[in-house]
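Chemist: Just so it is clear, I am handing over input_26.cif, which has mmCIF, C-alpha atoms.
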data_start
#
loop_
_atom_site.label_atom_id
_atom_site.label_comp_id
_atom_site.auth_asym_id
_atom_site.auth_seq_id
_atom_site.Cartn_x
_atom_site.Cartn_y
_atom_site.Cartn_z
CA MET A 1 11.54 -51.01 16.49
CA GLU A 2 14.42 -52.61 18.37
CA LEU A 3 15.09 -50.37 21.41
CA LYS A 4 18.08 -52.09 22.99
CA GLY A 5 21.22 -49.98 22.72
CA LYS A 6 19.39 -46.99 21.20
CA LYS A 7 19.56 -43.49 22.64
CA VAL A 8 15.97 -42.22 23.06
CA LEU A 9 14.89 -38.67 23.84
CA VAL A 10 12.03 -38.49 26.37
CA PHE A 11 10.43 -35.06 26.04
CA GLY A 12 8.85 -34.14 29.37
CA SER A 13 9.89 -34.79 32.97
CA GLY A 14 6.48 -35.39 34.53
CA LEU A 15 4.85 -38.68 35.53
CA SER A 16 4.61 -39.95 31.94
CA GLY A 17 8.18 -38.96 31.11
CA ILE A 18 9.57 -40.67 34.19
CA GLY A 19 7.54 -43.81 33.40
CA ALA A 20 8.84 -43.83 29.83
CA ALA A 21 12.45 -43.41 30.97
CA ASP A 22 12.17 -46.26 33.48
CA LEU A 23 10.72 -48.55 30.82
CA LEU A 24 13.42 -47.65 28.32
CA VAL A 25 16.16 -48.50 30.82
CA LYS A 26 14.55 -51.91 31.46
CA VAL A 27 14.55 -52.79 27.75
CA GLY A 28 18.19 -51.77 27.35
CA ALA A 29 17.76 -48.33 25.77
CA GLU A 30 19.56 -45.16 26.85
CA PRO A 31 16.98 -42.50 27.75
CA VAL A 32 17.67 -38.78 27.74
CA ILE A 33 14.99 -36.88 29.65
CA TYR A 34 14.55 -33.44 28.13
CA ASP A 35 12.59 -30.49 29.53
CA GLU A 36 12.53 -26.99 28.03
CA LYS A 37 12.16 -25.45 31.50
CA LYS A 38 15.76 -24.69 32.39
CA GLU A 39 14.79 -23.62 35.92
CA LYS A 40 14.09 -27.26 36.81
CA LYS A 41 16.78 -29.16 38.69
CA THR A 42 18.48 -32.24 37.26
CA GLU A 43 18.81 -33.84 40.69
CA ASP A 44 15.06 -33.49 41.34
CA ILE A 45 14.26 -35.31 38.08
CA LEU A 46 16.82 -38.06 38.64
CA ALA A 47 15.44 -38.61 42.15
CA LYS A 48 12.18 -39.83 40.54
CA VAL A 49 13.66 -42.43 38.18
CA GLU A 50 14.45 -45.98 39.24
CA GLU A 51 17.97 -46.11 37.78
CA PRO A 52 19.36 -42.54 37.88
CA ASP A 53 22.82 -43.61 36.75
CA GLN A 54 21.28 -44.96 33.51
CA VAL A 55 19.46 -41.72 32.62
CA GLN A 56 20.73 -38.44 31.19
CA VAL A 57 18.87 -35.15 31.79
CA VAL A 58 18.97 -32.10 29.52
CA LEU A 59 17.23 -28.83 30.47
CA GLY A 60 16.65 -25.65 28.46
CA GLU A 61 18.20 -25.69 24.98
CA LEU A 62 18.57 -29.07 23.29
CA PRO A 63 22.11 -29.38 21.86
CA GLU A 64 22.57 -30.50 18.25
CA GLU A 65 24.96 -33.24 19.34
CA ILE A 66 22.14 -34.89 21.33
CA LEU A 67 19.87 -34.78 18.29
CA ASP A 68 22.62 -36.35 16.21
CA GLU A 69 22.70 -39.38 18.53
CA ILE A 70 19.00 -40.17 18.99
CA SER A 71 16.78 -42.30 16.73
CA LEU A 72 13.48 -42.04 18.61
CA VAL A 73 11.59 -39.33 20.50
CA VAL A 74 8.96 -40.18 23.12
CA LEU A 75 6.64 -37.20 23.75
CA SER A 76 4.83 -36.80 27.05
CA PRO A 77 1.08 -36.06 26.59
CA GLY A 78 1.51 -32.49 27.82
CA VAL A 79 3.88 -31.63 24.96
CA PRO A 80 1.98 -30.14 21.98
CA THR A 81 2.87 -31.71 18.64
CA ASP A 82 2.89 -28.38 16.77
CA ILE A 83 5.65 -26.55 18.63
CA PRO A 84 9.03 -25.65 17.03
CA ALA A 85 10.93 -28.29 19.03
CA VAL A 86 8.76 -31.08 17.63
CA ASP A 87 9.01 -29.61 14.13
CA ARG A 88 12.76 -29.87 14.59
CA PHE A 89 12.43 -33.62 15.19
CA ARG A 90 10.30 -34.04 12.08
CA GLU A 91 12.82 -32.18 9.94
CA ARG A 92 15.36 -34.78 10.98
CA HIS A 93 12.88 -37.58 10.12
CA LEU A 94 13.04 -38.92 13.67
CA THR A 95 10.39 -41.42 14.78
CA ILE A 96 8.03 -39.74 17.25
CA TRP A 97 6.03 -41.85 19.70
CA GLY A 98 3.95 -41.02 22.72
CA GLU A 99 3.79 -42.94 25.98
CA VAL A 100 0.89 -45.07 24.72
CA GLU A 101 2.81 -46.19 21.63
CA LEU A 102 5.93 -46.99 23.65
CA ALA A 103 3.91 -49.09 26.11
CA TYR A 104 2.05 -50.87 23.31
CA GLN A 105 5.30 -51.73 21.50
CA THR A 106 6.75 -53.32 24.64
CA GLY A 107 3.61 -54.80 26.25
CA LYS A 108 1.56 -57.98 25.73
CA GLY A 109 -2.01 -59.25 25.93
CA ARG A 110 -5.36 -57.82 24.92
CA ILE A 111 -6.07 -54.09 25.01
CA LEU A 112 -9.38 -52.35 25.76
CA ALA A 113 -8.99 -48.63 25.00
CA ILE A 114 -11.38 -45.85 26.01
CA THR A 115 -11.50 -42.22 24.94
CA GLY A 116 -14.09 -39.45 24.78
CA THR A 117 -14.55 -35.98 26.19
CA ASN A 118 -16.30 -37.10 29.38
CA GLY A 119 -16.79 -40.30 31.34
CA LYS A 120 -13.42 -41.89 30.48
CA THR A 121 -12.22 -42.37 34.04
CA THR A 122 -15.46 -43.82 35.39
CA THR A 123 -15.82 -46.15 32.40
CA THR A 124 -12.19 -47.28 32.58
CA ALA A 125 -12.38 -47.91 36.33
CA LEU A 126 -15.62 -49.86 35.91
CA LEU A 127 -14.20 -51.86 33.01
CA GLY A 128 -11.14 -52.53 35.15
CA LYS A 129 -13.35 -53.99 37.87
CA ILE A 130 -15.28 -56.15 35.39
CA ILE A 131 -12.15 -57.66 33.84
CA GLY A 132 -10.38 -57.87 37.20
CA ASP A 133 -13.25 -59.88 38.66
CA TYR A 134 -13.03 -62.39 35.80
CA TYR A 135 -9.45 -62.58 34.48
CA ALA A 136 -6.36 -63.49 36.51
CA SER A 137 -4.02 -60.91 34.93
CA THR A 138 -5.48 -57.43 34.44
CA PHE A 139 -4.25 -53.84 34.39
CA VAL A 140 -5.96 -50.44 34.50
CA VAL A 141 -3.65 -47.76 33.11
CA GLY A 142 -3.29 -44.56 31.10
CA ASN A 143 -4.87 -41.20 31.71
CA ILE A 144 -6.65 -42.65 34.76
CA GLY A 145 -3.46 -42.10 36.78
CA THR A 146 -1.13 -45.11 36.36
CA PRO A 147 1.25 -44.59 33.42
CA TYR A 148 0.77 -47.28 30.78
CA THR A 149 4.56 -47.58 30.52
CA SER A 150 4.88 -48.50 34.21
CA MET A 151 2.87 -51.71 33.65
CA ALA A 152 3.85 -52.73 30.10
CA LEU A 153 6.64 -55.13 31.04
CA GLU A 154 4.45 -56.86 33.65
CA GLN A 155 1.87 -57.84 31.04
CA LYS A 156 1.66 -61.44 29.87
CA GLU A 157 0.15 -63.02 26.78
CA ASP A 158 -3.09 -63.71 28.67
CA SER A 159 -3.28 -60.23 30.27
CA VAL A 160 -6.21 -57.89 29.66
CA THR A 161 -5.55 -54.16 30.01
CA ALA A 162 -8.06 -51.31 30.23
CA VAL A 163 -6.48 -48.07 28.99
CA GLU A 164 -7.91 -44.57 29.38
CA ILE A 165 -6.56 -42.49 26.51
CA SER A 166 -6.76 -38.71 26.10
CA SER A 167 -6.73 -36.83 22.82
CA PHE A 168 -3.20 -35.68 23.71
CA GLN A 169 -2.06 -39.31 23.84
CA LEU A 170 -3.85 -40.28 20.62
CA GLU A 171 -1.93 -37.65 18.66
CA THR A 172 1.22 -39.78 18.82
CA ILE A 173 0.04 -43.35 18.21
CA GLN A 174 1.56 -45.26 15.30
CA ASP A 175 0.81 -49.02 15.47
CA PHE A 176 -1.36 -48.99 18.61
CA LYS A 177 -4.17 -51.48 17.97
CA PRO A 178 -6.77 -52.14 20.69
CA ASP A 179 -8.85 -55.31 20.57
CA VAL A 180 -11.85 -53.22 21.61
CA SER A 181 -12.03 -49.44 21.44
CA ALA A 182 -14.69 -47.04 22.69
CA ILE A 183 -15.41 -43.36 22.09
CA LEU A 184 -17.93 -42.28 24.70
CA ASN A 185 -18.84 -38.82 23.41
CA ILE A 186 -17.30 -35.80 21.72
CA THR A 187 -18.02 -32.27 22.90
CA GLU A 188 -15.98 -29.07 22.87
CA ASP A 189 -12.78 -29.36 24.90
CA HIS A 190 -9.03 -28.69 24.67
CA LEU A 191 -9.41 -26.21 21.81
CA ASN A 192 -6.40 -24.35 23.23
CA ARG A 193 -4.41 -27.46 22.18
CA HIS A 194 -6.25 -28.74 19.08
CA HIS A 195 -7.44 -25.30 17.89
CA THR A 196 -10.54 -26.53 16.01
CA MET A 197 -13.34 -29.00 16.72
CA GLU A 198 -12.56 -30.72 13.43
CA GLU A 199 -9.02 -31.48 14.58
CA TYR A 200 -10.21 -32.55 18.05
CA ILE A 201 -12.70 -34.98 16.47
CA ARG A 202 -10.08 -36.32 14.04
CA VAL A 203 -7.68 -37.06 16.88
CA LYS A 204 -10.32 -38.80 19.00
CA GLU A 205 -11.27 -41.02 16.07
CA LEU A 206 -7.63 -42.14 15.71
CA ILE A 207 -8.31 -44.74 18.40
CA THR A 208 -9.71 -46.99 15.64
CA LYS A 209 -6.88 -46.23 13.19
CA ASN A 210 -5.30 -49.70 13.20
CA GLN A 211 -8.30 -51.85 14.10
CA ASP A 212 -9.56 -54.46 11.64
CA SER A 213 -12.37 -56.99 11.36
CA SER A 214 -11.04 -58.91 14.35
CA GLY A 215 -11.76 -55.97 16.67
CA LEU A 216 -14.77 -54.04 17.94
CA CYS A 217 -15.54 -50.33 18.34
CA VAL A 218 -18.15 -49.21 20.90
CA LEU A 219 -19.79 -45.85 20.14
CA ASN A 220 -22.49 -43.56 21.54
CA TYR A 221 -25.46 -43.56 19.16
CA GLU A 222 -26.82 -40.36 20.72
CA ASP A 223 -23.69 -38.44 19.74
CA GLU A 224 -24.31 -37.28 16.17
CA VAL A 225 -20.60 -37.13 15.33
CA LEU A 226 -20.03 -40.67 16.56
CA ARG A 227 -23.17 -42.04 14.91
CA LYS A 228 -21.93 -40.83 11.53
CA PHE A 229 -18.43 -42.06 12.29
CA GLY A 230 -19.71 -45.51 13.23
CA GLU A 231 -21.77 -45.77 10.08
CA SER A 232 -18.63 -45.01 8.03
CA LEU A 233 -16.40 -47.61 9.70
CA THR A 234 -15.61 -50.95 8.06
CA ILE A 235 -14.73 -52.60 11.37
CA PRO A 236 -17.41 -54.12 13.67
CA VAL A 237 -19.31 -51.47 15.66
CA LEU A 238 -21.62 -51.80 18.65
CA PHE A 239 -23.63 -48.70 19.56
CA PHE A 240 -25.02 -47.82 22.99
CA SER A 241 -27.97 -45.50 23.59
CA SER A 242 -29.63 -43.92 26.61
CA ALA A 243 -32.55 -42.59 24.53
CA ARG A 244 -33.82 -45.33 22.21
CA LYS A 245 -34.09 -49.04 21.56
CA LEU A 246 -31.50 -50.33 19.09
CA GLU A 247 -31.92 -53.21 16.67
CA ARG A 248 -28.38 -54.23 17.61
CA GLY A 249 -26.57 -52.68 20.52
CA ILE A 250 -26.92 -51.93 24.21
CA PHE A 251 -29.57 -49.49 25.38
CA LEU A 252 -31.62 -48.12 28.26
CA GLU A 253 -35.22 -49.34 28.21
CA GLY A 254 -37.13 -47.77 31.08
CA ASP A 255 -35.04 -48.56 34.13
CA ARG A 256 -33.29 -51.55 32.57
CA ILE A 257 -30.10 -51.89 30.54
CA VAL A 258 -30.59 -54.33 27.67
CA LEU A 259 -28.10 -55.86 25.22
CA GLN A 260 -29.54 -56.85 21.85
CA ALA A 261 -27.17 -58.91 19.70
CA GLU A 262 -27.85 -62.43 18.46
CA GLU A 263 -30.35 -62.57 21.29
CA ARG A 264 -31.79 -60.17 23.87
CA VAL A 265 -29.98 -60.13 27.23
CA ASP A 266 -31.23 -58.32 30.32
CA VAL A 267 -28.08 -56.73 31.76
CA ALA A 268 -29.27 -54.98 34.95
CA CYS A 269 -31.79 -52.61 36.51
CA VAL A 270 -30.32 -49.14 37.06
CA ARG A 271 -31.81 -49.10 40.56
CA ASP A 272 -29.35 -51.87 41.44
CA LEU A 273 -26.37 -49.70 40.43
CA LYS A 274 -24.47 -47.48 42.85
CA LEU A 275 -23.95 -44.84 40.14
CA ILE A 276 -26.48 -42.06 39.52
CA GLY A 277 -27.40 -40.10 36.40
CA VAL A 278 -28.07 -41.00 32.77
CA HIS A 279 -24.49 -40.15 31.84
CA ASN A 280 -23.32 -42.86 34.24
CA TYR A 281 -25.74 -45.35 32.73
CA GLU A 282 -24.05 -44.58 29.41
CA ASN A 283 -20.67 -45.28 31.02
CA VAL A 284 -21.99 -48.59 32.32
CA MET A 285 -23.33 -49.55 28.89
CA ALA A 286 -19.98 -48.79 27.25
CA ALA A 287 -18.04 -50.84 29.81
CA VAL A 288 -20.51 -53.74 29.55
CA ALA A 289 -20.28 -53.73 25.74
CA MET A 290 -16.47 -53.78 25.84
CA ALA A 291 -16.28 -56.61 28.36
CA TRP A 292 -18.93 -58.60 26.49
CA GLY A 293 -16.91 -57.99 23.32
CA ILE A 294 -13.96 -59.99 24.68
CA GLY A 295 -16.06 -62.79 26.13
CA VAL A 296 -16.75 -61.94 29.78
CA PRO A 297 -19.96 -63.79 30.75
CA MET A 298 -22.95 -61.56 31.45
CA GLU A 299 -23.47 -63.11 34.87
CA SER A 300 -20.00 -61.96 35.91
CA ILE A 301 -20.47 -58.53 34.29
CA ARG A 302 -23.79 -58.02 36.11
CA LYS A 303 -22.26 -58.78 39.51
CA SER A 304 -19.33 -56.41 38.90
CA ILE A 305 -21.35 -53.41 37.73
CA CYS A 306 -23.76 -53.70 40.67
CA GLU A 307 -20.85 -53.66 43.13
CA PHE A 308 -18.99 -50.75 41.54
CA ARG A 309 -18.93 -47.36 43.29
CA ALA A 310 -18.27 -43.95 41.72
CA VAL A 311 -14.63 -42.97 41.26
CA ALA A 312 -13.16 -40.12 43.24
CA HIS A 313 -13.84 -36.60 41.95
CA ARG A 314 -16.67 -37.60 39.58
CA ILE A 315 -20.02 -36.64 41.21
CA GLU A 316 -18.55 -38.23 44.32
CA TYR A 317 -20.73 -38.20 47.43
CA VAL A 318 -18.61 -36.63 50.16
CA ASP A 319 -20.80 -36.20 53.24
CA GLU A 320 -24.03 -34.78 54.63
CA LYS A 321 -23.66 -32.00 57.19
CA ASN A 322 -26.60 -30.21 58.81
CA GLY A 323 -28.96 -31.61 56.21
CA VAL A 324 -26.80 -30.41 53.29
CA VAL A 325 -25.31 -32.99 50.92
CA TYR A 326 -21.86 -32.26 49.47
CA TYR A 327 -20.71 -33.64 46.09
CA ASN A 328 -17.21 -33.47 44.64
CA ASP A 329 -17.16 -33.29 40.82
CA SER A 330 -13.71 -31.77 40.48
CA LYS A 331 -13.13 -33.88 37.37
CA GLY A 332 -15.85 -31.86 35.65
CA THR A 333 -13.18 -29.83 33.86
CA ASN A 334 -15.29 -28.74 30.87
CA PRO A 335 -18.87 -27.46 30.42
CA ASP A 336 -20.27 -30.73 29.08
CA ALA A 337 -19.00 -32.70 32.08
CA ALA A 338 -20.42 -30.06 34.41
CA ILE A 339 -23.80 -30.25 32.64
CA ARG A 340 -23.92 -33.96 33.39
CA ALA A 341 -23.34 -33.28 37.08
CA ILE A 342 -26.14 -30.70 37.21
CA LYS A 343 -28.52 -33.11 35.50
CA ALA A 344 -27.70 -35.73 38.15
CA MET A 345 -28.72 -33.39 41.00
CA ASP A 346 -32.22 -33.94 42.40
CA ARG A 347 -32.31 -31.04 44.89
CA PRO A 348 -31.63 -27.26 45.07
CA THR A 349 -27.92 -26.76 44.48
CA LEU A 350 -25.21 -24.28 45.38
CA LEU A 351 -22.70 -24.71 42.57
CA ILE A 352 -18.98 -23.87 42.74
CA GLY A 353 -17.46 -23.25 39.31
CA GLY A 354 -14.57 -21.56 37.54
CA GLY A 355 -10.85 -22.13 37.14
CA TYR A 356 -8.36 -22.15 34.28
CA ASP A 357 -9.65 -21.01 30.88
CA LYS A 358 -9.50 -23.60 28.07
CA ASN A 359 -11.30 -21.25 25.64
CA ALA A 360 -14.64 -22.92 26.34
CA ASP A 361 -18.13 -21.49 25.88
CA TYR A 362 -20.22 -21.71 29.07
CA THR A 363 -23.62 -20.86 27.60
CA GLU A 364 -25.07 -24.38 27.51
CA TRP A 365 -23.80 -25.04 31.02
CA ILE A 366 -25.69 -22.02 32.38
CA ARG A 367 -28.81 -22.98 30.44
CA SER A 368 -28.73 -26.48 31.93
CA PHE A 369 -29.34 -25.13 35.46
CA ASP A 370 -33.08 -25.55 34.87
CA GLY A 371 -34.08 -23.87 38.13
CA LYS A 372 -31.90 -26.20 40.25
CA VAL A 373 -29.04 -23.78 40.98
CA ARG A 374 -29.68 -21.36 43.85
CA TYR A 375 -26.23 -19.76 43.69
CA LEU A 376 -23.40 -20.00 41.18
CA VAL A 377 -20.22 -19.31 43.16
CA LEU A 378 -17.32 -18.45 40.85
CA ILE A 379 -13.56 -18.51 41.42
CA GLY A 380 -10.44 -18.68 39.24
CA ASP A 381 -9.40 -17.00 35.99
CA THR A 382 -12.73 -17.64 34.30
CA LYS A 383 -15.01 -16.13 36.94
CA GLU A 384 -15.60 -12.84 35.08
CA LYS A 385 -16.11 -14.61 31.74
CA ILE A 386 -18.62 -17.06 33.22
CA ASN A 387 -20.37 -14.27 35.10
CA GLU A 388 -20.90 -12.34 31.87
CA THR A 389 -22.25 -15.48 30.18
CA ALA A 390 -24.61 -16.07 33.10
CA LYS A 391 -25.99 -12.53 32.82
CA LYS A 392 -26.59 -12.96 29.09
CA CYS A 393 -28.51 -16.15 29.86
CA GLY A 394 -30.62 -14.38 32.47
CA PHE A 395 -29.01 -16.01 35.51
CA THR A 396 -28.04 -13.31 38.00
CA ASN A 397 -27.57 -15.19 41.27
CA THR A 398 -23.80 -15.29 40.95
CA VAL A 399 -21.16 -14.67 43.59
CA LEU A 400 -17.53 -13.93 42.62
CA LEU A 401 -14.90 -14.86 45.19
CA GLU A 402 -11.12 -15.24 45.32
CA ASN A 403 -10.50 -18.88 46.17
CA MET A 404 -11.93 -22.24 47.17
CA PRO A 405 -11.99 -21.60 50.96
CA GLN A 406 -14.08 -18.46 50.42
CA ALA A 407 -16.42 -20.31 48.06
CA LEU A 408 -16.94 -23.12 50.54
CA GLU A 409 -17.53 -20.72 53.42
CA PHE A 410 -20.19 -18.92 51.39
CA CYS A 411 -21.93 -22.16 50.39
CA THR A 412 -21.91 -23.52 53.92
CA ALA A 413 -23.37 -20.28 55.27
CA HIS A 414 -26.12 -20.02 52.63
CA ALA A 415 -27.15 -23.67 52.12
CA ASN A 416 -30.46 -24.81 53.58
CA PRO A 417 -31.24 -28.30 54.86
CA GLY A 418 -32.18 -30.37 51.82
CA ASP A 419 -29.79 -28.48 49.52
CA ALA A 420 -26.69 -29.80 47.77
CA VAL A 421 -23.31 -28.10 47.51
CA LEU A 422 -21.68 -29.22 44.28
CA LEU A 423 -18.11 -28.58 43.17
CA SER A 424 -18.32 -28.95 39.39
CA PRO A 425 -16.07 -26.24 37.95
CA ALA A 426 -16.49 -26.67 34.15
CA CYS A 427 -12.84 -25.58 34.00
CA ALA A 428 -9.36 -27.00 34.52
CA SER A 429 -7.76 -26.60 37.95
CA TRP A 430 -4.42 -25.02 37.04
CA GLY A 431 -3.74 -21.82 38.94
CA GLU A 432 -4.99 -22.31 42.49
CA PHE A 433 -4.38 -26.07 42.26
CA ASP A 434 -1.86 -28.39 40.61
CA ASN A 435 -4.56 -30.71 39.25
CA TYR A 436 -8.21 -31.64 39.62
CA GLU A 437 -7.37 -34.31 42.22
CA GLN A 438 -5.82 -31.75 44.53
CA ARG A 439 -8.81 -29.44 44.03
CA GLY A 440 -11.24 -32.23 44.89
CA ASP A 441 -9.22 -33.39 47.88
CA ARG A 442 -9.17 -29.87 49.36
CA PHE A 443 -12.94 -29.67 48.89
CA LYS A 444 -13.40 -32.99 50.71
CA GLU A 445 -11.05 -31.98 53.52
CA TYR A 446 -13.07 -28.85 54.14
CA VAL A 447 -16.39 -30.69 54.14
CA HIS A 448 -15.16 -33.37 56.54
CA SER A 449 -13.91 -30.64 58.91
CA LEU A 450 -17.39 -29.13 59.27
CA SER A 451 -19.07 -29.70 62.60
#
Could you render the structure from this file as structure tokens?
Modeler:
Amino acid sequence: MELKGKKVLVFGSGLSGIGAADLLVKVGAEPVIYDEKKEKKTEDILAKVEEPDQVQVVLGELPEEILDEISLVVLSPGVPTDIPAVDRFRERHLTIWGEVELAYQTGKGRILAITGTNGKTTTTALLGKIIGDYYASTFVVGNIGTPYTSMALEQKEDSVTAVEISSFQLETIQDFKPDVSAILNITEDHLNRHHTMEEYIRVKELITKNQDSSGLCVLNYEDEVLRKFGESLTIPVLFFSSARKLERGIFLEGDRIVLQAEERVDVACVRDLKLIGVHNYENVMAAVAMAWGIGVPMESIRKSICEFRAVAHRIEYVDEKNGVVYYNDSKGTNPDAAIRAIKAMDRPTLLIGGGYDKNADYTEWIRSFDGKVRYLVLIGDTKEKINETAKKCGFTNTVLLENMPQALEFCTAHANPGDAVLLSPACASWGEFDNYEQRGDRFKEYVHSLS
């Protein structure tokens, strides 16, 4: 679609919306930033855009005359696609894109796209290091924190971009076509948005929607949903597995990662990695497969993965104080992610959990404690719900507190030398915190302040 001279509605005034508006101005379009929250201030929104005199802001009700003028709507990821306002756009047969589609339509180069319930950020960051160590022009964007739209116009024909994509962003793709895609895993999450697991799975699988025989899809063989999906695809597929040897694919064999394609290639020994836990070995395998899929030499891949350190907020080592090791897993915003963190622990653990309720079931999380968890310290809206689940599972060593400072004070007072204190909430952060980054940063600040 030709964007120059067109009036485009950008629905959402957050980071993605601002990025989309800035991009639209640069390509000659006329963006209108719209937010349903009328209590927001126009001047605050305009202060965030690069060219405020080129951007219009509408808050509260969206006037019909604005709708009459626009030909495209760009939805921010936080805007559900099944609300009345979006239905209104569809009734007018308006084209609806998300930030990912807008960036793809205006960007250049090869695209490596990653989705999945857990592990996206670590895998994207690792893939970003691999390609950055080998190619001259690389970008790491998307749900990892840098809006895809903010980098699209800097891309060149020889650029390689690693994109972390959430299910929210996949809902609004149209022509988006990655050269290599990956779905790391699919477990229950965001049912307050997608309503059913079937819909959540369908949206995740959209990442392959426009791929053809020239591309590659990397999938987790140990995820039953993805195994069946991969076997149904007509595009090239490369599986990875942490549990078995594959005739063709990348897998964990003892303590070694092996790639079996036309020939067998020894990738690396996990003892040489700076990441811990089987789930992280899966992330490494996915990133290696994607980089190998676009031609990065294994020697370069091996060097990059052995240098890479864990990303912030994902089973991040914080410090050791008085013989107690503190880990920040604030990005563990659902039960499956939190299970992975528990499995990575190799010592008695005081676990801080709870937060915003995404309609998740915490049973499997509690069952995964496997004798490791000394105390489960609960905060946030879900604390009562999780406490009831813990009781049903036979775990009674729970403590319910009001906020993060209280939780940390309890853990510090009750931890023994040799223990771990792990923040891995299994819930979103909204409520006490603006986002999981802020939650993790507060945790780290407290730990570093301990004598």
Chemist: Once the PyMOL selection byres ((chain A and resi 159) around 12) has been evaluated on this model, what residues remain selected, and can you format them as a PDB file with C-alpha atoms, in the coordinates of the input?
Modeler:
ATOM      1  CA  GLY A 107       3.610 -54.800  26.250  1.00  0.00           C
ATOM      2  CA  LYS A 108       1.560 -57.980  25.730  1.00  0.00           C
ATOM      3  CA  GLY A 109      -2.010 -59.250  25.930  1.00  0.00           C
ATOM      4  CA  ARG A 110      -5.360 -57.820  24.920  1.00  0.00           C
ATOM      5  CA  ILE A 111      -6.070 -54.090  25.010  1.00  0.00           C
ATOM      6  CA  LEU A 112      -9.380 -52.350  25.760  1.00  0.00           C
ATOM      7  CA  ILE A 131     -12.150 -57.660  33.840  1.00  0.00           C
ATOM      8  CA  GLY A 132     -10.380 -57.870  37.200  1.00  0.00           C
ATOM      9  CA  TYR A 134     -13.030 -62.390  35.800  1.00  0.00           C
ATOM     10  CA  TYR A 135      -9.450 -62.580  34.480  1.00  0.00           C
ATOM     11  CA  ALA A 136      -6.360 -63.490  36.510  1.00  0.00           C
ATOM     12  CA  SER A 137      -4.020 -60.910  34.930  1.00  0.00           C
ATOM     13  CA  THR A 138      -5.480 -57.430  34.440  1.00  0.00           C
ATOM     14  CA  PHE A 139      -4.250 -53.840  34.390  1.00  0.00           C
ATOM     15  CA  VAL A 140      -5.960 -50.440  34.500  1.00  0.00           C
ATOM     16  CA  MET A 151       2.870 -51.710  33.650  1.00  0.00           C
ATOM     17  CA  ALA A 152       3.850 -52.730  30.100  1.00  0.00           C
ATOM     18  CA  LEU A 153       6.640 -55.130  31.040  1.00  0.00           C
ATOM     19  CA  GLU A 154       4.450 -56.860  33.650  1.00  0.00           C
ATOM     20  CA  GLN A 155       1.870 -57.840  31.040  1.00  0.00           C
ATOM     21  CA  LYS A 156       1.660 -61.440  29.870  1.00  0.00           C
ATOM     22  CA  GLU A 157       0.150 -63.020  26.780  1.00  0.00           C
ATOM     23  CA  ASP A 158      -3.090 -63.710  28.670  1.00  0.00           C
ATOM     24  CA  VAL A 160      -6.210 -57.890  29.660  1.00  0.00           C
ATOM     25  CA  THR A 161      -5.550 -54.160  30.010  1.00  0.00           C
ATOM     26  CA  ALA A 162      -8.060 -51.310  30.230  1.00  0.00           C
TER      27      ALA A 162
END
Chemist: Hey, what's within 7 Å of segment 339-355 of chain A if we count only C-alpha atoms and toss same-chain stuff fewer than 2 positions away? As a ChimeraX atom specification, please?
Modeler: /A:276-277,279,315,335-337,357,365,368-369,372-383,407,411,418-429
Chemist: I'd like to see the residues matched by the PyMOL selection byres ((chain A and resi 171) around 12) on this file, and ideally I'd get them as a ChimeraX atom specification.
Modeler: /A:75-82,96-101,165-170,172-174,176,193-194,199-207,209
Chemist: Check which residues of segment 169-224 of chain A sit at most 6 Å from segment 115-123 of chain A using only C-alpha atoms, and return one row each with the closest pair of atoms and their distance in Å to one decimal, ordered by chain and rising number, as CSV.
Modeler:
residue,atom,partner,partner_atom,distance
A:Ile183,CA,A:Gly116,CA,4.9
A:Leu184,CA,A:Gly116,CA,4.8
A:Asn185,CA,A:Gly116,CA,5.0
A:Ile186,CA,A:Thr117,CA,5.3
Chemist: Pick out the closest residue to Tyr148 of chain A from this set: A:Ser16, A:Gln438, A:Asn403, A:Thr396. Count all atoms listed in the file.
Modeler: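 Checking each candidate against Tyr148 of chain A, we get A:Ser16 as the closest.
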Chemist: Quick check on the file I pasted: which residues fall under the PyMOL selection byres ((chain A and resi 61) around 12)? Write them as number ranges by chain.
Modeler: A: 34-39, 57-60, 62-67, 85
Chemist: Given the choices A:Glu231, A:Met290, A:His448, A:Asp255, which gets closest to Val163 of chain A if the distance is worked out from only C-alpha atoms?
Modeler: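 Answer, going by the shortest atom-to-atom distance: A:Met290.
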Chemist: Rank nothing, just name the residue among A:Lys392, A:Lys40, A:Val55, A:Arg227 nearest to Val10 of chain A, using all atoms listed in the file.
Modeler: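 For Val10 of chain A, the nearest of the given residues is A:Val55.
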Chemist: Give me, please, the distance in Å between atom CA of Ala310 of chain A and atom CA of Met298 of chain A, quoted to one decimal.
Modeler: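 Atom-to-atom, atom CA of Ala310 of chain A to atom CA of Met298 of chain A, that is 20.9 Å.
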Chemist: Give me the residues near Tyr446 of chain A as a ChimeraX atom specification, where near means some atom within 12 Å (using only C-alpha atoms) and where sequence neighbours in that chain fewer than 2 positions away do not count.
Modeler: /A:318-319,321,326,328,404-409,411-412,439-444,448-451
